[in-house]
Structures are given as C-alpha cells and as structure tokens.
file target_8.txt (compact mmCIF, C-alpha atoms and all ligand atoms)
# COMPACT_ATOMS: atom_id res chain seq x y z
CA MET A 1 78.88 -14.60 -22.09
CA ILE A 2 79.80 -14.58 -25.76
CA PRO A 3 82.88 -12.43 -26.33
CA GLN A 4 82.14 -9.30 -28.32
CA ARG A 5 83.61 -9.76 -31.78
CA LYS A 6 86.11 -7.30 -33.21
CA ILE A 7 86.02 -7.32 -36.98
CA ALA A 8 88.20 -5.11 -39.16
CA HIS A 9 87.88 -4.25 -42.83
CA ILE A 10 90.92 -3.03 -44.73
CA ASP A 11 90.43 -1.47 -48.12
CA MET A 12 93.17 -0.03 -50.29
CA ASP A 13 92.50 3.41 -51.77
CA CYS A 14 92.21 3.38 -55.60
CA PHE A 15 94.53 0.39 -55.48
CA TYR A 16 95.59 -0.10 -59.12
CA ALA A 17 95.84 3.62 -59.80
CA ALA A 18 97.79 4.15 -56.57
CA ILE A 19 100.37 1.57 -57.65
CA GLU A 20 100.77 3.22 -61.06
CA ILE A 21 101.22 6.66 -59.51
CA ARG A 22 103.67 5.39 -56.88
CA ASP A 23 105.82 3.82 -59.60
CA ASN A 24 105.59 6.82 -61.89
CA PRO A 25 105.80 10.03 -59.84
CA SER A 26 105.14 12.26 -62.87
CA LEU A 27 101.49 11.11 -62.57
CA GLN A 28 101.21 12.68 -59.11
CA GLY A 29 98.37 15.20 -58.79
CA LYS A 30 96.96 14.37 -62.22
CA PRO A 31 93.72 12.53 -63.01
CA VAL A 32 94.76 8.90 -63.54
CA ALA A 33 92.71 5.81 -64.38
CA VAL A 34 93.53 2.17 -64.98
CA GLY A 35 91.46 0.33 -67.53
CA GLY A 36 90.90 -0.93 -71.03
CA ASP A 37 91.46 1.11 -74.16
CA SER A 38 88.44 3.05 -75.49
CA SER A 39 89.15 1.77 -79.01
CA ARG A 40 88.41 -1.71 -77.66
CA ARG A 41 85.34 -0.58 -75.74
CA GLY A 42 87.24 -0.86 -72.47
CA VAL A 43 85.98 0.15 -69.05
CA LEU A 44 87.83 1.63 -66.09
CA CYS A 45 88.94 -0.62 -63.23
CA THR A 46 90.00 2.17 -60.92
CA CYS A 47 90.72 5.88 -60.96
CA ASN A 48 92.22 8.28 -58.46
CA TYR A 49 90.44 11.05 -56.58
CA GLU A 50 91.67 13.71 -59.00
CA ALA A 51 89.77 11.87 -61.76
CA ARG A 52 86.70 11.38 -59.56
CA LYS A 53 86.33 15.16 -59.31
CA PHE A 54 85.31 15.04 -62.99
CA GLY A 55 82.65 12.41 -62.36
CA VAL A 56 84.88 9.60 -63.57
CA HIS A 57 84.40 6.32 -61.68
CA SER A 58 85.21 2.63 -61.88
CA ALA A 59 83.19 0.50 -64.34
CA LEU A 60 82.67 3.60 -66.52
CA PRO A 61 83.33 3.00 -70.24
CA THR A 62 86.70 4.54 -71.05
CA SER A 63 85.26 6.52 -73.96
CA GLN A 64 82.81 8.25 -71.61
CA ALA A 65 85.56 8.90 -69.09
CA PHE A 66 87.50 10.86 -71.73
CA LYS A 67 84.43 12.92 -72.51
CA LEU A 68 84.10 13.88 -68.85
CA CYS A 69 87.84 14.44 -68.40
CA PRO A 70 89.82 14.89 -71.65
CA GLN A 71 93.14 15.21 -69.78
CA LEU A 72 92.64 11.82 -68.07
CA ILE A 73 95.78 9.67 -68.11
CA LEU A 74 94.83 6.08 -68.90
CA MET A 75 97.17 3.29 -67.79
CA PRO A 76 96.80 -0.28 -69.09
CA VAL A 77 95.88 -2.99 -66.57
CA ASP A 78 98.93 -4.81 -65.19
CA MET A 79 97.45 -7.61 -63.08
CA PRO A 80 100.67 -9.48 -62.22
CA ARG A 81 102.06 -6.29 -60.64
CA TYR A 82 98.86 -5.61 -58.65
CA LYS A 83 98.79 -9.22 -57.46
CA ALA A 84 102.39 -8.98 -56.29
CA GLU A 85 101.50 -5.88 -54.23
CA SER A 86 98.43 -7.67 -52.90
CA MET A 87 100.60 -10.53 -51.66
CA LYS A 88 102.84 -8.05 -49.83
CA ILE A 89 99.81 -6.50 -48.14
CA SER A 90 98.56 -9.95 -47.21
CA GLU A 91 101.95 -10.71 -45.67
CA ILE A 92 101.78 -7.55 -43.53
CA ILE A 93 98.28 -8.43 -42.31
CA HIS A 94 99.36 -11.99 -41.50
CA ARG A 95 101.96 -10.59 -39.08
CA PHE A 96 98.96 -9.77 -36.87
CA THR A 97 96.33 -12.41 -37.62
CA GLU A 98 95.66 -15.50 -39.67
CA ARG A 99 91.93 -14.99 -39.49
CA VAL A 100 91.73 -13.11 -42.78
CA GLU A 101 88.99 -13.27 -45.39
CA PRO A 102 90.11 -11.75 -48.68
CA LEU A 103 87.34 -10.16 -50.75
CA SER A 104 89.44 -9.13 -53.73
CA LEU A 105 93.00 -8.05 -54.41
CA ASP A 106 92.55 -4.89 -52.37
CA GLU A 107 90.08 -5.67 -49.60
CA ALA A 108 89.91 -8.07 -46.68
CA TYR A 109 88.07 -8.75 -43.45
CA LEU A 110 90.06 -9.57 -40.33
CA ASP A 111 88.66 -11.21 -37.21
CA LEU A 112 90.66 -9.63 -34.37
CA THR A 113 88.53 -11.09 -31.58
CA GLY A 114 90.77 -12.21 -28.74
CA SER A 115 93.90 -10.97 -30.52
CA SER A 116 97.03 -10.72 -28.42
CA HIS A 117 98.40 -7.66 -30.22
CA PHE A 118 98.12 -4.21 -28.62
CA GLN A 119 96.34 -5.67 -25.58
CA GLY A 120 93.53 -6.77 -27.86
CA SER A 121 92.88 -3.32 -29.34
CA ALA A 122 91.55 -3.80 -32.87
CA THR A 123 91.89 -0.06 -33.49
CA LEU A 124 95.62 -0.04 -32.68
CA THR A 125 96.15 -3.21 -34.72
CA VAL A 126 94.48 -1.75 -37.82
CA GLN A 127 96.35 1.53 -37.40
CA ALA A 128 99.62 -0.43 -37.21
CA ILE A 129 98.75 -2.38 -40.36
CA ARG A 130 97.88 0.82 -42.22
CA LYS A 131 101.15 2.42 -41.12
CA LEU A 132 103.20 -0.61 -42.24
CA ILE A 133 101.47 -0.62 -45.63
CA GLN A 134 102.29 3.08 -45.96
CA ASP A 135 105.89 2.80 -44.73
CA GLU A 136 106.86 -0.38 -46.57
CA LEU A 137 104.78 -0.20 -49.74
CA HIS A 138 104.03 3.54 -49.99
CA LEU A 139 100.35 2.83 -50.54
CA ALA A 140 97.34 4.16 -48.64
CA ALA A 141 94.80 1.89 -46.99
CA SER A 142 91.57 2.81 -45.23
CA GLY A 143 90.46 0.80 -42.24
CA GLY A 144 87.34 0.21 -40.21
CA VAL A 145 86.59 -1.67 -37.02
CA ALA A 146 83.20 -2.81 -35.75
CA PRO A 147 81.56 -5.77 -34.01
CA ASN A 148 80.59 -7.31 -37.37
CA LYS A 149 81.45 -7.47 -41.06
CA PHE A 150 78.56 -5.29 -42.25
CA LEU A 151 79.54 -2.34 -40.04
CA ALA A 152 83.30 -2.87 -40.42
CA LYS A 153 82.97 -2.40 -44.18
CA ILE A 154 80.90 0.74 -43.72
CA ALA A 155 83.45 2.02 -41.19
CA SER A 156 86.39 1.64 -43.58
CA ASP A 157 84.47 3.66 -46.16
CA TRP A 158 83.48 6.35 -43.66
CA LYS A 159 86.73 8.37 -43.68
CA LYS A 160 88.05 7.31 -47.06
CA PRO A 161 90.62 7.98 -48.51
CA ASN A 162 93.46 7.13 -46.12
CA GLY A 163 91.12 7.16 -43.13
CA PHE A 164 90.09 5.10 -40.17
CA PHE A 165 86.82 4.79 -38.30
CA ALA A 166 85.65 2.54 -35.50
CA ILE A 167 82.05 1.76 -34.63
CA THR A 168 81.86 0.54 -31.04
CA PRO A 169 78.93 -1.55 -29.79
CA GLU A 170 77.59 1.48 -27.89
CA MET A 171 77.59 3.60 -31.07
CA ILE A 172 75.56 1.16 -33.16
CA PRO A 173 71.97 2.25 -32.35
CA GLU A 174 72.66 5.93 -33.16
CA PHE A 175 74.93 5.13 -36.08
CA VAL A 176 72.55 2.89 -38.01
CA LYS A 177 69.51 5.15 -37.57
CA ASN A 178 70.55 7.56 -40.29
CA LEU A 179 72.31 5.02 -42.48
CA PRO A 180 70.74 5.00 -45.97
CA VAL A 181 69.24 1.60 -46.86
CA GLY A 182 71.46 1.52 -49.96
CA LYS A 183 74.44 0.92 -47.65
CA ILE A 184 73.03 -2.45 -46.57
CA PRO A 185 74.76 -5.38 -48.27
CA GLY A 186 72.38 -7.08 -50.66
CA VAL A 187 70.36 -3.92 -51.21
CA GLY A 188 71.11 -3.00 -54.79
CA LYS A 189 69.68 -0.18 -56.88
CA VAL A 190 66.44 -2.06 -57.61
CA MET A 191 65.75 -2.99 -54.01
CA GLU A 192 66.72 0.53 -52.92
CA SER A 193 64.10 2.11 -55.16
CA ARG A 194 61.48 -0.42 -54.05
CA LEU A 195 62.21 0.49 -50.43
CA SER A 196 62.28 4.19 -51.21
CA ALA A 197 58.90 3.94 -52.98
CA ILE A 198 57.28 2.90 -49.71
CA GLY A 199 59.10 5.55 -47.69
CA LEU A 200 61.93 3.36 -46.40
CA LYS A 201 65.04 5.47 -46.91
CA ALA A 202 67.12 5.06 -43.76
CA CYS A 203 67.66 2.13 -41.41
CA ALA A 204 65.45 3.86 -38.83
CA ASP A 205 62.54 3.60 -41.32
CA LEU A 206 63.23 -0.12 -41.78
CA GLN A 207 63.35 -0.61 -38.00
CA SER A 208 59.85 0.77 -37.56
CA PHE A 209 58.49 -1.24 -40.50
CA GLY A 210 58.38 -4.50 -38.53
CA ARG A 211 59.59 -7.99 -39.26
CA ASP A 212 56.31 -9.37 -40.61
CA ASN A 213 55.98 -6.52 -43.08
CA LEU A 214 59.57 -6.94 -44.23
CA VAL A 215 59.13 -10.67 -44.80
CA ARG A 216 55.81 -10.17 -46.59
CA LYS A 217 57.40 -7.62 -48.91
CA PHE A 218 60.85 -9.12 -49.42
CA GLY A 219 60.64 -12.81 -48.58
CA GLY A 220 63.74 -14.39 -47.05
CA MET A 221 65.71 -11.18 -47.49
CA GLY A 222 63.25 -9.59 -45.03
CA PHE A 223 64.77 -11.53 -42.13
CA ARG A 224 68.22 -10.31 -43.04
CA LEU A 225 67.00 -6.73 -43.45
CA PHE A 226 65.38 -6.93 -40.02
CA ASP A 227 68.78 -7.71 -38.46
CA LEU A 228 70.98 -5.50 -40.62
CA CYS A 229 68.94 -2.32 -40.12
CA ARG A 230 69.59 -2.80 -36.39
CA GLY A 231 73.31 -3.25 -37.00
CA ILE A 232 73.13 -7.01 -36.34
CA ASP A 233 75.20 -9.32 -38.53
CA ASP A 234 76.60 -12.67 -37.43
CA GLU A 235 78.35 -13.61 -40.67
CA PRO A 236 81.69 -15.17 -39.73
CA VAL A 237 85.02 -14.14 -41.21
CA VAL A 238 85.79 -17.08 -43.48
CA THR A 239 89.50 -17.59 -43.65
CA ASP A 240 91.53 -19.24 -46.35
CA TRP A 241 92.60 -22.08 -44.13
CA ILE A 242 91.56 -25.50 -45.23
CA ARG A 243 89.28 -26.31 -42.38
CA LYS A 244 87.82 -29.48 -41.10
CA SER A 245 84.52 -29.64 -39.40
CA LEU A 246 82.49 -32.02 -37.37
CA SER A 247 78.82 -31.52 -36.75
CA VAL A 248 75.74 -33.37 -35.62
CA GLU A 249 72.19 -32.40 -36.40
CA ASP A 250 68.74 -33.73 -35.77
CA THR A 251 65.50 -33.22 -37.65
CA PHE A 252 62.50 -33.58 -35.36
CA ALA A 253 59.44 -35.65 -36.17
CA GLN A 254 57.41 -32.68 -35.02
CA ASP A 255 58.57 -29.08 -34.77
CA ILE A 256 59.74 -28.19 -31.29
CA GLN A 257 59.22 -24.89 -29.51
CA GLY A 258 60.14 -23.23 -26.22
CA ALA A 259 63.51 -22.62 -24.60
CA GLU A 260 63.45 -25.63 -22.28
CA LEU A 261 62.61 -28.21 -24.92
CA CYS A 262 65.11 -26.76 -27.40
CA LEU A 263 67.84 -26.77 -24.79
CA ALA A 264 67.13 -30.40 -23.91
CA GLU A 265 67.40 -31.37 -27.59
CA LEU A 266 70.55 -29.31 -28.04
CA SER A 267 72.09 -31.09 -25.05
CA LYS A 268 71.31 -34.52 -26.56
CA ILE A 269 72.89 -33.44 -29.84
CA TYR A 270 75.94 -32.22 -27.92
CA GLN A 271 76.35 -35.60 -26.23
CA GLU A 272 76.33 -37.31 -29.62
CA PHE A 273 78.75 -34.68 -30.91
CA LEU A 274 81.18 -35.48 -28.04
CA ARG A 275 80.95 -39.19 -28.81
CA ARG A 276 81.86 -38.60 -32.44
CA LEU A 277 84.58 -36.12 -31.52
CA ALA A 278 86.20 -38.69 -29.25
CA ARG A 279 86.49 -41.01 -32.25
CA GLN A 280 88.38 -38.36 -34.25
CA GLU A 281 92.04 -39.17 -34.69
CA ASP A 282 93.65 -35.79 -34.09
CA ASN A 283 91.32 -34.23 -31.60
CA PRO A 284 91.02 -30.64 -32.83
CA VAL A 285 90.25 -29.18 -29.41
CA GLN A 286 93.94 -29.50 -28.58
CA ILE A 287 94.73 -26.88 -31.19
CA GLY A 288 92.95 -24.23 -29.16
CA GLY A 289 92.31 -20.59 -29.87
CA ARG A 290 91.03 -20.91 -33.39
CA ASN A 291 88.16 -23.31 -32.96
CA GLN A 292 84.92 -22.08 -34.42
CA LEU A 293 81.78 -23.37 -32.78
CA PHE A 294 78.49 -23.14 -34.59
CA VAL A 295 74.81 -23.76 -34.08
CA LYS A 296 72.44 -24.38 -36.94
CA ILE A 297 68.70 -23.82 -36.70
CA LYS A 298 66.09 -24.65 -39.31
CA TYR A 299 62.69 -23.20 -38.50
CA GLY A 300 59.29 -24.68 -39.20
CA ASP A 301 59.01 -22.36 -42.21
CA PHE A 302 62.28 -23.89 -43.55
CA ARG A 303 64.23 -20.71 -43.00
CA GLN A 304 67.72 -21.75 -41.96
CA THR A 305 70.34 -19.88 -39.99
CA THR A 306 73.82 -20.66 -38.70
CA ILE A 307 75.64 -18.72 -36.03
CA GLU A 308 79.37 -19.29 -35.72
CA ARG A 309 82.12 -17.85 -33.53
CA SER A 310 85.54 -18.72 -32.18
CA PHE A 311 85.87 -19.72 -28.55
CA PRO A 312 88.88 -20.57 -26.42
CA SER A 313 87.63 -24.06 -25.62
CA LEU A 314 84.84 -26.51 -26.18
CA ASP A 315 81.98 -26.20 -23.72
CA PHE A 316 78.24 -26.75 -23.95
CA THR A 317 77.53 -23.30 -22.50
CA TYR A 318 79.06 -21.70 -25.61
CA PHE A 319 76.61 -23.60 -27.86
CA GLN A 320 73.83 -22.63 -25.49
CA ASP A 321 74.81 -18.95 -25.73
CA LEU A 322 75.02 -19.10 -29.52
CA PHE A 323 71.63 -20.77 -29.67
CA PHE A 324 69.90 -18.21 -27.48
CA GLU A 325 71.59 -15.29 -29.16
CA ARG A 326 69.90 -16.32 -32.37
CA TYR A 327 66.72 -17.93 -31.10
CA GLY A 328 65.99 -15.30 -28.45
CA THR A 329 64.78 -12.79 -30.99
CA SER A 330 62.47 -15.21 -32.80
CA PRO A 331 61.18 -18.01 -30.57
CA LYS A 332 59.45 -19.90 -33.34
CA PRO A 333 58.87 -23.61 -34.02
CA ILE A 334 62.09 -25.39 -34.90
CA ARG A 335 62.35 -28.26 -37.35
CA LEU A 336 66.06 -29.03 -37.11
CA LEU A 337 68.86 -28.29 -34.68
CA GLY A 338 72.54 -28.86 -35.21
CA LEU A 339 75.84 -27.91 -33.67
CA GLY A 340 79.43 -28.38 -34.58
CA LEU A 341 83.01 -27.33 -34.63
CA ARG A 342 85.27 -26.14 -37.40
CA TRP A 343 89.00 -26.08 -36.91
CA PRO A 344 91.90 -25.02 -39.07
CA ASP A 345 94.16 -27.50 -40.67
CA PRO A 346 97.51 -27.21 -38.86
CA LEU A 347 99.08 -26.65 -42.24
CA ASP A 348 100.64 -23.21 -42.43
CA SER A 349 98.28 -20.92 -44.30
CA ARG A 350 101.03 -19.17 -46.27
CA GLN A 351 102.47 -22.45 -47.46
CA LEU A 352 98.98 -23.39 -48.52
CA ARG A 353 98.57 -20.21 -50.49
CA PHE A 354 101.83 -20.84 -52.29
CA ASP A 355 100.74 -24.33 -53.27
CA LEU A 356 97.47 -23.10 -54.68
CA ASP A 357 99.18 -20.26 -56.52
CA THR A 358 101.27 -22.66 -58.49
CA ARG A 359 98.44 -25.01 -59.30
CA GLU A 360 95.31 -23.02 -59.76
CA THR A 361 93.95 -20.75 -62.44
CA GLU A 362 94.24 -16.97 -62.33
CA ASP A 363 90.70 -16.48 -60.99
CA ARG A 364 91.34 -18.76 -58.08
CA VAL A 365 94.50 -16.88 -57.20
CA ILE A 366 92.55 -13.63 -57.01
CA GLU A 367 90.17 -15.24 -54.61
CA ILE A 368 92.77 -16.53 -52.21
CA THR A 369 95.28 -13.71 -52.10
CA PHE A 370 94.60 -10.47 -50.20
MG MG B 1 89.58 -0.41 -52.55
call {"tool": "encode", "arguments": {"input": "target_8.txt", "output": "structure tokens"}}
result
Amino acid sequence: MIPQRKIAHIDMDCFYAAIEIRDNPSLQGKPVAVGGDSSRRGVLCTCNYEARKFGVHSALPTSQAFKLCPQLILMPVDMPRYKAESMKISEIIHRFTERVEPLSLDEAYLDLTGSSHFQGSATLTVQAIRKLIQDELHLAASGGVAPNKFLAKIASDWKKPNGFFAITPEMIPEFVKNLPVGKIPGVGKVMESRLSAIGLKACADLQSFGRDNLVRKFGGMGFRLFDLCRGIDDEPVVTDWIRKSLSVEDTFAQDIQGAELCLAELSKIYQEFLRRLARQEDNPVQIGGRNQLFVKIKYGDFRQTTIERSFPSLDFTYFQDLFFERYGTSPKPIRLLGLGLRWPDPLDSRQLRFDLDTRETEDRVIEITF
C-alpha cells in the first residue's frame, strides 16, 4: 500500500502590506497597498482587505487604484525587509519539516507525509506553524492540508484570511464536484472561457466530458485535466535540497502492453538499478526516511509521466505500487519504462541556503527562500 500523502500549503495574508501595517500601527484599519508610484506607472504588489473592499487588487496600476479608493495609503516596496521576514517564516516551518517547496516569498508547500510531529497530524502541524508565525512575527498565515498540492493550495485559500481548511481523502469526490474549472492550475482566463463556451463550468462537468474528448479538445493538457477534475494530482513537493538521483530506464523495440509484461520489464529494470546502486560510493538507502522513489512511463503516443513519492525503504513492491497507481487508469501501450531514486544531499539545507544567498542574484534568492 502506498501511504496517503499529506501535503500542506501555507500562504501569508497580504504579506507585504501586513508587514508594513505591523511596523506602523497607525495604518491599522485603513486601506493600505504596497507598490510602485503612479507617477512612474507603477502597479500594486499587494493590498490589504480594507483596500480590496474598494475593488483594489494586486497587479492593478496604482493610478487606477487611487481612482477606486482615493484614501488609499501607498507604501513603497521594501524587498530586503520582506525577504528577512520570509526567512524567519522559513525557519519556523523548518522546525517541523525539511520537505518544503517555496513558491514565492510568502507561499510554500510542505510534504508532511510520515511526519513525526503531533502523531503525524498535518492539521495540528499546520495550526502550530500558523500560531508560531502569529506569536513570533505578528503576521497572519492561512493554511490548507490535502492529499496533494492542487487541493492543498485550494484549501489554504478556502478560509482566507487567517484561516485553515483541510480536505481529507474522503471529502475529495464531493469537494471537487462544484469546484469551478478556473480553480484548476493551468486553467487561465482563456482556457476557462473555452471550457465555459462548451458548458464546462465546474469539475463535475469536466468529469462527465470524458478523457478522449478532453484530449481531442485540449491536447496534452487534456490528460492533466482528466486527473485534476477528479482531485488527482501526483506532483511531488520539490524541496530545496541539492538532491542526487539514480535511475535506469529502457526503451522497448516494440511497445509493450498488459500488466504482466510491464511488471516483468519493470523487474528487469529494477535488477539493473540495484546493480548500479551497489556501485554507488555512499549508498543513499542508508540515509532513510527521505528517499524519493519514482517510476517513469512513456506511452506509445509519446506522452510521458513520472510518479514520485517518499518511502521508508527501498523495495520493489513500492515501484510496483507506483507503477500500477499510474498505469491502472490508462492501460495503454508503453514505449519506455524507468525507475529510480532521489535522495537528499546530507548537507544541511539551511547551510545550503546561506551559501546560495551570498553567491546568487536577487532572483535566485527569491526562489530559494520561503
Ligand atoms: Mg499570500
């Protein structure tokens, strides 16, 4: 059995504006935005909820924001200060897990699968993180927990601001039914109106549309839509560790099909994988706990998919489970099979971050901090 994943998404509420208001209490209760000056055709980075009541939102040109809300208080962007706060938030999160994928200064995914904190409760862990951020930094964070990244991000948005929501595996079928298609990652305004034009407004509509129709209409994205509208998303949380990986793959002279044949091929690939692993100098399996196993499948139609997850040890049955979890829903001809292992560099991740901070450009720093 593959362990059910527990993914969390933490998202600070109006992050830049919240920092400005915290550090300048006279701004409390007033509409506040952070952004570029209107005389220089600036746009807003963030605004608080008081400003949002006037229709002001991020990415809005500052000049328009003042038309909507003349009493808006505009603060200049102070990136070094926001980055410093982001590092403090990252430090709080790292007290609970190192499996963190930062999305920007104010958002991150956490993989809490198999966590030892709070008897493995992702909900209690996220609530503790939110409380520490509030108590130590006086900033509000929203949090969400779900079995995958797609739903975790939706969950953190569900009770915003300063809210928490968990989507359990049992809740998924009901929850996604009414979810508007615009909430699906990768579905932008253009795609949303294309879907809407053919009557596909909620995930339930997409579910009844069928895989073949989705692929015919939307190409490769159709496969992803097929999964996402059912609440399925296997994207791994990609941490900022420097990771090593070892993998073996095989392209077949002729496409193979059927569970038995695929399993036989997968087993051969695994044997070769073990041989190569044995030649590795520092055998990563000793590290334990953080090993990510993955299976790669390329179908006859060249569509490629990788499913990856962390497991407590290295065992063929885990690869087998990963393979069938993905292949089971689409038993089609396969052109290539691969499997492998990624493991973290034993280097401490915080030390690593420090090194990069001092060497890399500003943009890179944004990517690797919280
Ligand atoms: Mg945010």
call {"tool": "residues_near_point", "arguments": {"input": "target_8.txt", "point": "(90.8, -5.5, -32.7)", "cutoff": "9 Å", "atoms": "all atoms listed in the file", "output": "NGL selection string"}}
result
:A and (5-8 or 110-115 or 117-118 or 120-126 or 145-146)
call {"tool": "residues_near_ligand", "arguments": {"input": "target_8.txt", "ligand": "ligand MG 1 (chain B)", "cutoff": "10 Å", "atoms": "all atoms listed in the file", "output": "JSON list (two decimals) with C-alpha atoms, in the frame of the given file"}}
result
[["chain", "number", "residue", "atom", "x", "y", "z"],
["A", 10, "ILE", "CA", 90.92, -3.03, -44.73],
["A", 11, "ASP", "CA", 90.43, -1.47, -48.12],
["A", 12, "MET", "CA", 93.17, -0.03, -50.29],
["A", 13, "ASP", "CA", 92.50, 3.41, -51.77],
["A", 14, "CYS", "CA", 92.21, 3.38, -55.60],
["A", 15, "PHE", "CA", 94.53, 0.39, -55.48],
["A", 16, "TYR", "CA", 95.59, -0.10, -59.12],
["A", 46, "THR", "CA", 90.00, 2.17, -60.92],
["A", 104, "SER", "CA", 89.44, -9.13, -53.73],
["A", 105, "LEU", "CA", 93.00, -8.05, -54.41],
["A", 106, "ASP", "CA", 92.55, -4.89, -52.37],
["A", 107, "GLU", "CA", 90.08, -5.67, -49.60],
["A", 108, "ALA", "CA", 89.91, -8.07, -46.68],
["A", 140, "ALA", "CA", 97.34, 4.16, -48.64],
["A", 141, "ALA", "CA", 94.80, 1.89, -46.99],
["A", 142, "SER", "CA", 91.57, 2.81, -45.23],
["A", 156, "SER", "CA", 86.39, 1.64, -43.58],
["A", 157, "ASP", "CA", 84.47, 3.66, -46.16],
["A", 160, "LYS", "CA", 88.05, 7.31, -47.06],
["A", 161, "PRO", "CA", 90.62, 7.98, -48.51]]
call {"tool": "residues_near_point", "arguments": {"input": "target_8.txt", "point": "(100.7, 2.9, -47.2)", "cutoff": "10 Å", "atoms": "all atoms listed in the file", "output": "mmCIF file with C-alpha atoms, in the frame of the given file"}}
result
data_model
loop_
_atom_site.group_PDB
_atom_site.id
_atom_site.type_symbol
_atom_site.label_atom_id
_atom_site.label_comp_id
_atom_site.auth_asym_id
_atom_site.auth_seq_id
_atom_site.Cartn_x
_atom_site.Cartn_y
_atom_site.Cartn_z
ATOM 1 C CA MET A 12 93.170 -0.030 -50.290
ATOM 2 C CA ASP A 13 92.500 3.410 -51.770
ATOM 3 C CA ALA A 18 97.790 4.150 -56.570
ATOM 4 C CA ILE A 89 99.810 -6.500 -48.140
ATOM 5 C CA ILE A 129 98.750 -2.380 -40.360
ATOM 6 C CA ARG A 130 97.880 0.820 -42.220
ATOM 7 C CA LYS A 131 101.150 2.420 -41.120
ATOM 8 C CA LEU A 132 103.200 -0.610 -42.240
ATOM 9 C CA ILE A 133 101.470 -0.620 -45.630
ATOM 10 C CA GLN A 134 102.290 3.080 -45.960
ATOM 11 C CA ASP A 135 105.890 2.800 -44.730
ATOM 12 C CA GLU A 136 106.860 -0.380 -46.570
ATOM 13 C CA LEU A 137 104.780 -0.200 -49.740
ATOM 14 C CA HIS A 138 104.030 3.540 -49.990
ATOM 15 C CA LEU A 139 100.350 2.830 -50.540
ATOM 16 C CA ALA A 140 97.340 4.160 -48.640
ATOM 17 C CA ALA A 141 94.800 1.890 -46.990
ATOM 18 C CA SER A 142 91.570 2.810 -45.230
ATOM 19 C CA ASN A 162 93.460 7.130 -46.120
#
call {"tool": "atom_distance", "arguments": {"input": "target_8.txt", "atom1": "CA of Lys217 in chain A", "atom2": "CA of Glu308 in chain A"}}
result
28.2 Å
call {"tool": "atom_distance", "arguments": {"input": "target_8.txt", "atom1": "CA of Phe150 in chain A", "atom2": "CA of Glu91 in chain A"}}
result
24.3 Å
call {"tool": "atom_distance", "arguments": {"input": "target_8.txt", "atom1": "CA of Asp250 in chain A", "atom2": "CA of Val238 in chain A"}}
result
25.0 Å
call {"tool": "axis_aligned_box", "arguments": {"input": "target_8.txt", "around": "range 214-231 of chain A", "padding_each_side": "5 Å", "output": "JSON"}}
result
{"center_x": 64.6, "center_y": -8.4, "center_z": -42.9, "size_x": 27.5, "size_y": 22.1, "size_z": 23.0}
call {"tool": "closest_residue", "arguments": {"input": "target_8.txt", "among": "A:Arg99, A:Lys30, A:Lys53, A:Lys268", "to": "Pro236 in chain A", "atoms": "all atoms listed in the file"}}
result
A:Arg99
call {"tool": "closest_residue", "arguments": {"input": "target_8.txt", "among": "A:Leu263, A:Leu214, A:Leu322, A:Ile184", "to": "Ile334 in chain A", "atoms": "only C-alpha atoms"}}
result
A:Leu263
call {"tool": "decode", "arguments": {"input": "target_8.txt", "residues": "range 137-148 of chain A", "atoms": "N, CA and C atoms", "output": "compact mmCIF listing (two decimals), in the first residue's frame"}}
result
# COMPACT_ATOMS: atom_id res chain seq x y z
N LEU A 137 6.05 36.53 14.94
CA LEU A 137 6.24 37.55 13.91
C LEU A 137 5.06 38.51 13.80
N HIS A 138 3.97 38.20 14.50
CA HIS A 138 2.76 39.04 14.45
C HIS A 138 2.26 39.21 13.02
N LEU A 139 2.25 38.10 12.28
CA LEU A 139 1.75 38.10 10.92
C LEU A 139 0.78 36.93 10.77
N ALA A 140 -0.22 37.12 9.90
CA ALA A 140 -1.23 36.08 9.74
C ALA A 140 -0.94 35.22 8.51
N ALA A 141 -1.06 33.91 8.71
CA ALA A 141 -0.88 32.97 7.60
C ALA A 141 -2.14 32.13 7.48
N SER A 142 -2.51 31.80 6.25
CA SER A 142 -3.58 30.83 6.04
C SER A 142 -2.95 29.50 5.67
N GLY A 143 -3.64 28.43 6.02
CA GLY A 143 -3.08 27.11 5.77
C GLY A 143 -4.11 26.15 5.22
N GLY A 144 -3.64 25.21 4.43
CA GLY A 144 -4.51 24.16 3.91
C GLY A 144 -3.78 22.84 3.93
N VAL A 145 -4.56 21.77 4.10
CA VAL A 145 -3.99 20.43 4.08
C VAL A 145 -4.85 19.56 3.18
N ALA A 146 -4.19 18.73 2.37
CA ALA A 146 -4.91 17.84 1.46
C ALA A 146 -3.95 16.72 1.03
N PRO A 147 -4.47 15.73 0.32
CA PRO A 147 -3.56 14.66 -0.13
C PRO A 147 -2.64 15.05 -1.29
N ASN A 148 -2.82 16.24 -1.86
CA ASN A 148 -1.94 16.64 -2.96
C ASN A 148 -1.81 18.17 -3.02
